[in-house]
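Following: one structure in structure tokens, then a few remarks.
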Amino acid sequence: MTTVKHLFDEARSASRATLSFEIFPPKGDLDHNTAREVAGGLAPLHPDFISVTYSAGGSGNKHATNDVAEILQADFGTTCVAHLTCAGATSDSISAAIDDLHAHGIENVLALRGDMPAGTEPTEFRFAKDLIPRLVDAGFCVGAAAYPEGHIDCIDADVNIEHLKEKADAGASFLVTQLFFDNEYFYRFREKCTSARIDAPIACGIMPFLSKQQIQRMVFMCGASLPSPIIKLLARYENDPASLRAAGIEYACNQLVDLDAHGVDGLHVYTMNHPDIARTCTEAIRRAR
């Protein structure tokens, strides 16, 4: 395997954006067949890398993230990024997580704060910037999250950039954004990053909306703005789930094509474990190039 930083460097030299996907581990006990089925649908699209979300909060299997990443790397030859959260972590638990990452042959990690577990007090790992140096020292290529519209807990846009700069200075060598539905937010955000001398490549995170309930949940959790074209689509197809799903995927494809035309560093598709979404988005991008 190779590092994601190297993949971004290669793409920049070729004047193209990287293409990557995000998946999450199956819920409950790890179902290797499900993981392989999803991976088998994504690998033939030849993404630059696939990120695997951290499973501890939702899957009930804290090793699922690394297990899925290992399957993708060992069985499909795909470079992987394993997510790791640090809220509530201790030095010993981070050491154990690092050992497990190494044991699974993982070289790339996305460092995240995550949600504080109920009933726990903040530790020395309060923010992702506190985790990043530890991972860099352990030999990983480390990425971090970026928020084009600001983190939901940080309403000041300038402070948001300062926090991102701290993560980059701590050793994050690539960035992946939270989802957004209006590309203009990203273009303004990119200008602010340039002004702040944040040089790490940024992959734009795009999630197709598939239902009204999903987009309401995402907006509430992430604070992403809904542009008027999406609101009109939600109203038009409110009682037609299949058409709304198709419209959501088409909207995401148009976002990706526009971002690619504007010379972004990377395109990162939140696939929600649906290979057909990844395939449709990939085909749209490659047709437009």
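Labeling convention for the structure tokens: chains A, B, ... as they appear, residues from 1 per chain, ligands from 1 in order of appearance.
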Please build the interface table for region 149-264 of chain A against region 107-123 of chain A with a cut-off of 10 Å, listing for each qualifying residue the nearest atom pair and the distance in Å to one decimal; count only C-alpha atoms, order rows by chain and increasing number, and write it as JSON lines.
```
{"residue": "A:Lys167", "atom": "CA", "partner": "A:Ala111", "partner_atom": "CA", "distance": 9.4}
{"residue": "A:Ala172", "atom": "CA", "partner": "A:Ala111", "partner_atom": "CA", "distance": 8.4}
{"residue": "A:Phe174", "atom": "CA", "partner": "A:Leu110", "partner_atom": "CA", "distance": 8.9}
{"residue": "A:Leu175", "atom": "CA", "partner": "A:Leu110", "partner_atom": "CA", "distance": 8.5}
{"residue": "A:Val176", "atom": "CA", "partner": "A:Leu110", "partner_atom": "CA", "distance": 8.6}
```
Sorted by chain and rising residue number, which residues of region 32-88 of chain A lie within 12 Å of region 200-215 of chain A, and what are their closest atom pairs and distances in Å to one decimal, counting only C-alpha atoms, as a Markdown table?
```
| residue | atom | partner | partner_atom | distance |
| --- | --- | --- | --- | --- |
| A:Asp48 | CA | A:Ala203 | CA | 11.4 |
| A:Phe49 | CA | A:Ala203 | CA | 11.3 |
| A:Ser51 | CA | A:Gly205 | CA | 11.4 |
```
Apply DSSP to the backbone of this structure and, from region 2-141 of chain A, keep only the residues in strand (DSSP E or B); write these as a PyMOL selection string.
chain A and resi 18-23+49-52+80-85+108-112+141
Near Ala39 (chain A), counting only C-alpha atoms, which residues have an atom at most 12 Å away, once you skip same-chain residues fewer than 5 positions from it, shown as number ranges by chain?
A: 21-26, 32-34, 44-47, 49-52, 68-80, 271, 273-276, 278
Between A:Cys281, A:Ala87, A:Val264, A:Val81, which residue has the minimum interatomic distance to Gly105 (chain A), considering only C-alpha atoms?
A:Val81
